[in-house]
Amino acid sequence: MSRSRTAVLAALALVAGASGTALAVVPGDSGLAAVPCSVDYKVQNDWGSGFTAAVTVTNNSAAKTSWSVKWAYVGSQKVTNAWNAKVTQSGTAVTANNETYNGTLATGGSVSFGFQGTYSGSNAVPTAFTLDGVTCNVDGGTGPTDPGPTDPGPTGPGTPSTRVDNPYAGAKVYVNPEWSANAAAEPGGSRVSNQPTGIWLDRIAAINGAGGHMGLRAHLDAALAQKGSGEEVVQLVIYDLPGRDCSALASNGELGPTEIDKYKTQFIDPIAAILSDSKYAGLRIVTSVEIDSLPNLVTNTGSRATATPACDTMKANGNYVKGVGYALKKLGAVPNVYNYIDAGHHGWLGWDDNFVPSAQILFQAATAEGATVDDVHGFITNTANYSALKENNFTINDSVAGKSVRESKWVDWNRYVDELSYAQAFRNQLVTTGFRSNIGMLIDTSRNGWGGSARPAGPGATTSVDTYVNGGRYDRRIHVGNWCNQSGAGLGERPKAAPAAGIDAYVWMKPPGESDGASSAIANDEGKGFDRMCDPTYTGNPRNGNSMSGSLANAPLSGHWFSAQFQQLMQNAYPAL
């Protein structure tokens, strides 16, 4: 339910009569006074004892480098957490101050923030707001472009239930209001802003909320608000291993290679404690456990050309295996948690010398630190990657000019040419290795659509095996090993439950529009380094066949909003928007 207040005429009268209030003059409209600011306050969800609200402030006065919005409640409302603003409350008086990243507010510009609150009795919408001490009009008109979740009706915390075979079947999936707001703010973004995306817990501070963003409890509370009387899935990415992502600097983490105890006690244990709260027992919580970790122990260690000293260190100390095992055990003990371990993608593990050893290292982790295979509900592939879901214009069984497609430079003897065939085959291998026969697979399709004008309509020329494959492949990357902010990528299949045999769901685990890494060095306190694979001028390394990186320029730090990329993803979406 979206409740709001429209009181433009009353507010205009209030402003016009306010002593000492300067009214801005609309350019080109001599003598016509405009209100100095306007506020749009919407209650997006209300479940009888709590609510979420979105506030948009438009500044019609001189440009600002910081701002402060104030209002007062007439009831018992209490703000419990907020995002995109620093919100404090004293009695009924509420103050929202800008975050460091959104203090600039141009003349005619707008800024939005949101929050969650509790109340008893009535939840009346405030009737008066000020921006930097100046009274604004209150304009709460609703419209079809409202990015907020729809009214779920009265809802409670729910009751725990036995794990189902596919948590996505018959369930809604949580729409992150922060990502939704970013997407909706982009031109054309409202077409996808209500899609569900993953919540990335990529550092300890993210558990309680960092940088003005919602913490884990805030997301779970908001999920309860969206849930209604049906089933709701919440997707979490558990991503803070010691020595994280030993082969890519852009996604390095905050914990050193030996800080396994800190990982257990300060990261996994607090997450498990929150997920164990009976308040959230009615949610289906899907975890994607430690992406880009265990496969590194196979492909980037030892005498291989792709090896790195950091990956050798993590293989030797065993902390990837221990960390994943501990996470599976602690999170798997929560009855409504469904653990999916990251299983790379076809362009990483599809080769014969990677395929079986990777399944074996996943089994080793799943039986470490007290975990068992019963703590594993399935696996996820292509997380935050770009591998095409299904290549229709060639198969590994094709031959051109006397050569197998496997001999082409692009396929390079891989047994798999797309994610769907890889995920289904790897599932079979995992069962053979010792995992339960009912495991399911997830495929991240957030950025693997590869549509637009560059999408081939059919096979390539049969001049050679390379012209045949390169002319027909949907995946337009320079090399299948390229992973950072890829030029030409598009949104893929929309999230969908049970789309193919053995596949529990297509998901958008990586929120489209969030950067993979900075294209140049950026100082930060998030533990994120600069990886040349995110630099469009980089000529590569053995892990991408010494090819150009294919990345977009002017990219921010990983996880930060990248408007140009989001626009490209929408433009090249397949299926098209």
# chains A, B, ... in the order shown; residues from 1 in each chain; ligands from 1
>>> select_by_dssp(residues="region 164-193 of chain A", states="helix (DSSP H, G or I)", output="ChimeraX atom specification")
/A:177-184,189-191
>>> write_last_selection(atoms="all heavy atoms", output="PDB file, in the first residue's frame")
ATOM      1  N   PRO A 177      15.058  -2.368  -1.875  1.00  0.00           N
ATOM      2  CA  PRO A 177      14.597  -1.005  -2.149  1.00  0.00           C
ATOM      3  C   PRO A 177      15.713  -0.039  -2.512  1.00  0.00           C
ATOM      4  O   PRO A 177      15.482   0.925  -3.233  1.00  0.00           O
ATOM      5  CB  PRO A 177      13.903  -0.588  -0.843  1.00  0.00           C
ATOM      6  CG  PRO A 177      14.435  -1.514   0.197  1.00  0.00           C
ATOM      7  CD  PRO A 177      14.748  -2.798  -0.499  1.00  0.00           C
ATOM      8  N   GLU A 178      16.935  -0.305  -2.042  1.00  0.00           N
ATOM      9  CA  GLU A 178      18.052   0.573  -2.389  1.00  0.00           C
ATOM     10  C   GLU A 178      18.424   0.405  -3.858  1.00  0.00           C
ATOM     11  O   GLU A 178      18.589   1.389  -4.589  1.00  0.00           O
ATOM     12  CB  GLU A 178      19.254   0.277  -1.492  1.00  0.00           C
ATOM     13  CG  GLU A 178      19.024   0.633  -0.040  1.00  0.00           C
ATOM     14  CD  GLU A 178      20.246   0.399   0.816  1.00  0.00           C
ATOM     15  OE1 GLU A 178      20.758  -0.737   0.839  1.00  0.00           O
ATOM     16  OE2 GLU A 178      20.706   1.347   1.467  1.00  0.00           O
ATOM     17  N   TRP A 179      18.580  -0.853  -4.294  1.00  0.00           N
ATOM     18  CA  TRP A 179      18.868  -1.073  -5.708  1.00  0.00           C
ATOM     19  C   TRP A 179      17.704  -0.596  -6.567  1.00  0.00           C
ATOM     20  O   TRP A 179      17.907   0.014  -7.624  1.00  0.00           O
ATOM     21  CB  TRP A 179      19.138  -2.554  -5.993  1.00  0.00           C
ATOM     22  CG  TRP A 179      19.390  -2.799  -7.447  1.00  0.00           C
ATOM     23  CD1 TRP A 179      20.576  -2.646  -8.107  1.00  0.00           C
ATOM     24  CD2 TRP A 179      18.431  -3.172  -8.443  1.00  0.00           C
ATOM     25  NE1 TRP A 179      20.417  -2.913  -9.442  1.00  0.00           N
ATOM     26  CE2 TRP A 179      19.114  -3.243  -9.679  1.00  0.00           C
ATOM     27  CE3 TRP A 179      17.068  -3.461  -8.412  1.00  0.00           C
ATOM     28  CZ2 TRP A 179      18.478  -3.583 -10.863  1.00  0.00           C
ATOM     29  CZ3 TRP A 179      16.427  -3.800  -9.598  1.00  0.00           C
ATOM     30  CH2 TRP A 179      17.126  -3.865 -10.804  1.00  0.00           C
ATOM     31  N   SER A 180      16.499  -0.853  -6.140  1.00  0.00           N
ATOM     32  CA  SER A 180      15.314  -0.437  -6.895  1.00  0.00           C
ATOM     33  C   SER A 180      15.297   1.065  -7.108  1.00  0.00           C
ATOM     34  O   SER A 180      14.979   1.546  -8.199  1.00  0.00           O
ATOM     35  CB  SER A 180      14.048  -0.890  -6.162  1.00  0.00           C
ATOM     36  OG  SER A 180      12.889  -0.525  -6.863  1.00  0.00           O
ATOM     37  N   ALA A 181      15.665   1.812  -6.067  1.00  0.00           N
ATOM     38  CA  ALA A 181      15.689   3.274  -6.188  1.00  0.00           C
ATOM     39  C   ALA A 181      16.766   3.723  -7.168  1.00  0.00           C
ATOM     40  O   ALA A 181      16.544   4.638  -7.982  1.00  0.00           O
ATOM     41  CB  ALA A 181      15.916   3.905  -4.819  1.00  0.00           C
ATOM     42  N   ASN A 182      17.949   3.097  -7.116  1.00  0.00           N
ATOM     43  CA  ASN A 182      19.014   3.442  -8.070  1.00  0.00           C
ATOM     44  C   ASN A 182      18.585   3.158  -9.499  1.00  0.00           C
ATOM     45  O   ASN A 182      18.816   3.956 -10.409  1.00  0.00           O
ATOM     46  CB  ASN A 182      20.283   2.653  -7.749  1.00  0.00           C
ATOM     47  CG  ASN A 182      21.046   3.198  -6.566  1.00  0.00           C
ATOM     48  OD1 ASN A 182      20.955   4.380  -6.248  1.00  0.00           O
ATOM     49  ND2 ASN A 182      21.785   2.343  -5.897  1.00  0.00           N
ATOM     50  N   ALA A 183      17.967   1.996  -9.706  1.00  0.00           N
ATOM     51  CA  ALA A 183      17.535   1.622 -11.052  1.00  0.00           C
ATOM     52  C   ALA A 183      16.435   2.547 -11.551  1.00  0.00           C
ATOM     53  O   ALA A 183      16.456   2.996 -12.698  1.00  0.00           O
ATOM     54  CB  ALA A 183      17.058   0.171 -11.059  1.00  0.00           C
ATOM     55  N   ALA A 184      15.461   2.850 -10.688  1.00  0.00           N
ATOM     56  CA  ALA A 184      14.330   3.682 -11.092  1.00  0.00           C
ATOM     57  C   ALA A 184      14.754   5.114 -11.397  1.00  0.00           C
ATOM     58  O   ALA A 184      14.099   5.805 -12.184  1.00  0.00           O
ATOM     59  CB  ALA A 184      13.256   3.677 -10.001  1.00  0.00           C
ATOM     60  N   GLY A 189      14.873   3.073 -16.343  1.00  0.00           N
ATOM     61  CA  GLY A 189      15.160   2.077 -15.315  1.00  0.00           C
ATOM     62  C   GLY A 189      13.930   1.484 -14.660  1.00  0.00           C
ATOM     63  O   GLY A 189      14.005   0.387 -14.097  1.00  0.00           O
ATOM     64  N   SER A 190      12.808   2.176 -14.730  1.00  0.00           N
ATOM     65  CA  SER A 190      11.591   1.654 -14.105  1.00  0.00           C
ATOM     66  C   SER A 190      11.124   0.353 -14.756  1.00  0.00           C
ATOM     67  O   SER A 190      10.334  -0.383 -14.177  1.00  0.00           O
ATOM     68  CB  SER A 190      10.476   2.696 -14.155  1.00  0.00           C
ATOM     69  OG  SER A 190      10.162   3.025 -15.495  1.00  0.00           O
ATOM     70  N   ARG A 191      11.658   0.036 -15.938  1.00  0.00           N
ATOM     71  CA  ARG A 191      11.287  -1.209 -16.608  1.00  0.00           C
ATOM     72  C   ARG A 191      11.800  -2.438 -15.863  1.00  0.00           C
ATOM     73  O   ARG A 191      11.247  -3.540 -16.026  1.00  0.00           O
ATOM     74  CB  ARG A 191      11.811  -1.213 -18.047  1.00  0.00           C
ATOM     75  CG  ARG A 191      11.181  -0.159 -18.949  1.00  0.00           C
ATOM     76  CD  ARG A 191      11.868  -0.122 -20.307  1.00  0.00           C
ATOM     77  NE  ARG A 191      13.249   0.358 -20.210  1.00  0.00           N
ATOM     78  CZ  ARG A 191      14.098   0.407 -21.235  1.00  0.00           C
ATOM     79  NH1 ARG A 191      13.713  -0.034 -22.427  1.00  0.00           N
ATOM     80  NH2 ARG A 191      15.324   0.864 -21.066  1.00  0.00           N
TER      81      ARG A 191
END
>>> residues_around(residues="Asp342 (chain A)", least_positions_apart="5", cutoff="7 Å", atoms="only C-alpha atoms", output="ChimeraX atom specification")
/A:288-291,379-381
>>> select_by_dssp(residues="region 486-565 of chain A", states="strand (DSSP E)", output="PyMOL selection string")
chain A and resi 496-500+503-507
>>> residues_around(residues="region 52-65 of chain A", least_positions_apart="5", cutoff="9 Å", atoms="only C-alpha atoms", output="ChimeraX atom specification")
/A:2,23-26,34-46,102-118,131,136,148,222,225
>>> residues_around(residues="region 82-96 of chain A", least_positions_apart="4", cutoff="6 Å", atoms="only C-alpha atoms", output="MDAnalysis selection string")
chainID A and resid 68:73 113:115 212:214
>>> closest_residue(among="A:Thr306, A:Asn194, A:Asn572, A:Thr367", to="Gly449 (chain A)", atoms="only C-alpha atoms")
A:Asn572
>>> closest_residue(among="A:Lys78, A:His345, A:Lys172, A:Lys279", to="Asp292 (chain A)", atoms="only C-alpha atoms")
A:His345
>>> residues_around(residues="Ile285 (chain A)", least_positions_apart="2", cutoff="8 Å", atoms="only C-alpha atoms", output="ChimeraX atom specification")
/A:233-236,283,287,336-338
>>> atom_distance(atom1="CA of Leu294 (chain A)", atom2="CA of Gly529 (chain A)")
20.3 Å
>>> atom_distance(atom1="CA of Gln571 (chain A)", atom2="CA of Gly452 (chain A)")
6.6 Å
>>> closest_residue(among="A:Asp525, A:Gly440, A:Val417, A:Asp352", to="Val164 (chain A)", atoms="only C-alpha atoms")
A:Gly440
>>> closest_residue(among="A:Arg304, A:Arg455, A:Arg494, A:Arg415", to="Arg477 (chain A)", atoms="only C-alpha atoms")
A:Arg455
>>> closest_residue(among="A:Gly540, A:Gly492, A:Pro242, A:Gly323", to="Glu254 (chain A)", atoms="only C-alpha atoms")
A:Pro242
>>> closest_residue(among="A:Tyr416, A:Ala573, A:Arg284, A:His346", to="Thr162 (chain A)", atoms="only C-alpha atoms")
A:Arg284
>>> closest_atom_pairs(of="region 394-444 of chain A", to="region 507-521 of chain A", cutoff="12 Å", atoms="only C-alpha atoms", output="JSON lines")
{"residue": "A:Met441", "atom": "CA", "partner": "A:Val507", "partner_atom": "CA", "distance": 10.4}
{"residue": "A:Leu442", "atom": "CA", "partner": "A:Val507", "partner_atom": "CA", "distance": 6.8}
{"residue": "A:Ile443", "atom": "CA", "partner": "A:Val507", "partner_atom": "CA", "distance": 6.1}
{"residue": "A:Asp444", "atom": "CA", "partner": "A:Val507", "partner_atom": "CA", "distance": 4.9}
>>> decode(residues="region 496-509 of chain A", atoms="all heavy atoms", output="PDB file, in the first residue's frame")
ATOM      1  N   LYS A 496      13.589 -16.232 -12.710  1.00  0.00           N
ATOM      2  CA  LYS A 496      12.522 -17.181 -13.021  1.00  0.00           C
ATOM      3  C   LYS A 496      12.784 -18.477 -12.266  1.00  0.00           C
ATOM      4  O   LYS A 496      13.917 -18.953 -12.217  1.00  0.00           O
ATOM      5  CB  LYS A 496      12.510 -17.446 -14.528  1.00  0.00           C
ATOM      6  CG  LYS A 496      11.443 -18.404 -15.036  1.00  0.00           C
ATOM      7  CD  LYS A 496      11.661 -18.731 -16.516  1.00  0.00           C
ATOM      8  CE  LYS A 496      11.752 -17.481 -17.379  1.00  0.00           C
ATOM      9  NZ  LYS A 496      11.922 -17.817 -18.826  1.00  0.00           N
ATOM     10  N   ALA A 497      11.753 -19.047 -11.675  1.00  0.00           N
ATOM     11  CA  ALA A 497      11.883 -20.309 -10.959  1.00  0.00           C
ATOM     12  C   ALA A 497      11.777 -21.487 -11.911  1.00  0.00           C
ATOM     13  O   ALA A 497      10.999 -21.460 -12.871  1.00  0.00           O
ATOM     14  CB  ALA A 497      10.818 -20.415  -9.877  1.00  0.00           C
ATOM     15  N   ALA A 498      12.581 -22.525 -11.631  1.00  0.00           N
ATOM     16  CA  ALA A 498      12.518 -23.812 -12.331  1.00  0.00           C
ATOM     17  C   ALA A 498      12.451 -23.671 -13.845  1.00  0.00           C
ATOM     18  O   ALA A 498      11.553 -24.198 -14.489  1.00  0.00           O
ATOM     19  CB  ALA A 498      11.311 -24.610 -11.822  1.00  0.00           C
ATOM     20  N   PRO A 499      13.424 -22.990 -14.473  1.00  0.00           N
ATOM     21  CA  PRO A 499      13.351 -22.746 -15.915  1.00  0.00           C
ATOM     22  C   PRO A 499      13.812 -23.917 -16.772  1.00  0.00           C
ATOM     23  O   PRO A 499      13.519 -23.956 -17.972  1.00  0.00           O
ATOM     24  CB  PRO A 499      14.281 -21.550 -16.104  1.00  0.00           C
ATOM     25  CG  PRO A 499      15.325 -21.745 -15.041  1.00  0.00           C
ATOM     26  CD  PRO A 499      14.603 -22.344 -13.865  1.00  0.00           C
ATOM     27  N   ALA A 500      14.587 -24.857 -16.202  1.00  0.00           N
ATOM     28  CA  ALA A 500      15.143 -25.965 -16.988  1.00  0.00           C
ATOM     29  C   ALA A 500      15.474 -27.115 -16.046  1.00  0.00           C
ATOM     30  O   ALA A 500      15.532 -26.936 -14.820  1.00  0.00           O
ATOM     31  CB  ALA A 500      16.393 -25.508 -17.742  1.00  0.00           C
ATOM     32  N   ALA A 501      15.711 -28.265 -16.602  1.00  0.00           N
ATOM     33  CA  ALA A 501      15.994 -29.455 -15.807  1.00  0.00           C
ATOM     34  C   ALA A 501      17.206 -29.236 -14.908  1.00  0.00           C
ATOM     35  O   ALA A 501      18.262 -28.802 -15.374  1.00  0.00           O
ATOM     36  CB  ALA A 501      16.240 -30.648 -16.722  1.00  0.00           C
ATOM     37  N   GLY A 502      17.030 -29.505 -13.611  1.00  0.00           N
ATOM     38  CA  GLY A 502      18.118 -29.377 -12.656  1.00  0.00           C
ATOM     39  C   GLY A 502      18.408 -27.955 -12.203  1.00  0.00           C
ATOM     40  O   GLY A 502      19.259 -27.745 -11.342  1.00  0.00           O
ATOM     41  N   ILE A 503      17.726 -26.976 -12.765  1.00  0.00           N
ATOM     42  CA  ILE A 503      17.977 -25.560 -12.444  1.00  0.00           C
ATOM     43  C   ILE A 503      16.863 -25.047 -11.538  1.00  0.00           C
ATOM     44  O   ILE A 503      15.688 -25.011 -11.941  1.00  0.00           O
ATOM     45  CB  ILE A 503      18.044 -24.701 -13.724  1.00  0.00           C
ATOM     46  CG1 ILE A 503      19.000 -25.329 -14.749  1.00  0.00           C
ATOM     47  CG2 ILE A 503      18.455 -23.273 -13.373  1.00  0.00           C
ATOM     48  CD1 ILE A 503      20.428 -25.474 -14.293  1.00  0.00           C
ATOM     49  N   ASP A 504      17.198 -24.665 -10.310  1.00  0.00           N
ATOM     50  CA  ASP A 504      16.186 -24.140  -9.392  1.00  0.00           C
ATOM     51  C   ASP A 504      15.680 -22.774  -9.838  1.00  0.00           C
ATOM     52  O   ASP A 504      14.490 -22.471  -9.681  1.00  0.00           O
ATOM     53  CB  ASP A 504      16.747 -24.035  -7.973  1.00  0.00           C
ATOM     54  CG  ASP A 504      16.770 -25.387  -7.261  1.00  0.00           C
ATOM     55  OD1 ASP A 504      16.190 -26.355  -7.802  1.00  0.00           O
ATOM     56  OD2 ASP A 504      17.374 -25.479  -6.176  1.00  0.00           O
ATOM     57  N   ALA A 505      16.572 -21.935 -10.386  1.00  0.00           N
ATOM     58  CA  ALA A 505      16.125 -20.601 -10.804  1.00  0.00           C
ATOM     59  C   ALA A 505      17.204 -19.903 -11.614  1.00  0.00           C
ATOM     60  O   ALA A 505      18.402 -20.175 -11.456  1.00  0.00           O
ATOM     61  CB  ALA A 505      15.770 -19.740  -9.585  1.00  0.00           C
ATOM     62  N   TYR A 506      16.768 -19.017 -12.503  1.00  0.00           N
ATOM     63  CA  TYR A 506      17.624 -17.961 -13.012  1.00  0.00           C
ATOM     64  C   TYR A 506      17.489 -16.810 -12.029  1.00  0.00           C
ATOM     65  O   TYR A 506      16.365 -16.441 -11.633  1.00  0.00           O
ATOM     66  CB  TYR A 506      17.193 -17.495 -14.396  1.00  0.00           C
ATOM     67  CG  TYR A 506      17.285 -18.543 -15.478  1.00  0.00           C
ATOM     68  CD1 TYR A 506      16.428 -18.498 -16.585  1.00  0.00           C
ATOM     69  CD2 TYR A 506      18.226 -19.568 -15.424  1.00  0.00           C
ATOM     70  CE1 TYR A 506      16.511 -19.451 -17.599  1.00  0.00           C
ATOM     71  CE2 TYR A 506      18.313 -20.520 -16.429  1.00  0.00           C
ATOM     72  CZ  TYR A 506      17.446 -20.460 -17.516  1.00  0.00           C
ATOM     73  OH  TYR A 506      17.533 -21.401 -18.506  1.00  0.00           O
ATOM     74  N   VAL A 507      18.599 -16.220 -11.618  1.00  0.00           N
ATOM     75  CA  VAL A 507      18.587 -15.164 -10.609  1.00  0.00           C
ATOM     76  C   VAL A 507      19.431 -13.984 -11.075  1.00  0.00           C
ATOM     77  O   VAL A 507      20.290 -14.129 -11.950  1.00  0.00           O
ATOM     78  CB  VAL A 507      19.136 -15.686  -9.255  1.00  0.00           C
ATOM     79  CG1 VAL A 507      18.250 -16.803  -8.715  1.00  0.00           C
ATOM     80  CG2 VAL A 507      20.585 -16.173  -9.393  1.00  0.00           C
ATOM     81  N   TRP A 508      19.166 -12.826 -10.497  1.00  0.00           N
ATOM     82  CA  TRP A 508      20.031 -11.663 -10.666  1.00  0.00           C
ATOM     83  C   TRP A 508      20.789 -11.475  -9.361  1.00  0.00           C
ATOM     84  O   TRP A 508      20.497 -10.588  -8.571  1.00  0.00           O
ATOM     85  CB  TRP A 508      19.216 -10.425 -11.026  1.00  0.00           C
ATOM     86  CG  TRP A 508      18.775 -10.389 -12.458  1.00  0.00           C
ATOM     87  CD1 TRP A 508      18.868 -11.384 -13.376  1.00  0.00           C
ATOM     88  CD2 TRP A 508      18.163  -9.280 -13.130  1.00  0.00           C
ATOM     89  NE1 TRP A 508      18.365 -10.979 -14.590  1.00  0.00           N
ATOM     90  CE2 TRP A 508      17.923  -9.683 -14.464  1.00  0.00           C
ATOM     91  CE3 TRP A 508      17.795  -7.993 -12.740  1.00  0.00           C
ATOM     92  CZ2 TRP A 508      17.328  -8.845 -15.399  1.00  0.00           C
ATOM     93  CZ3 TRP A 508      17.203  -7.149 -13.664  1.00  0.00           C
ATOM     94  CH2 TRP A 508      16.980  -7.571 -14.988  1.00  0.00           C
ATOM     95  N   MET A 509      21.757 -12.359  -9.104  1.00  0.00           N
ATOM     96  CA  MET A 509      22.482 -12.280  -7.839  1.00  0.00           C
ATOM     97  C   MET A 509      23.389 -11.052  -7.821  1.00  0.00           C
ATOM     98  O   MET A 509      23.545 -10.403  -6.786  1.00  0.00           O
ATOM     99  CB  MET A 509      23.291 -13.551  -7.618  1.00  0.00           C
ATOM    100  CG  MET A 509      23.659 -13.783  -6.164  1.00  0.00           C
ATOM    101  SD  MET A 509      22.221 -13.946  -5.059  1.00  0.00           S
ATOM    102  CE  MET A 509      21.555 -15.536  -5.546  1.00  0.00           C
TER     103      MET A 509
END
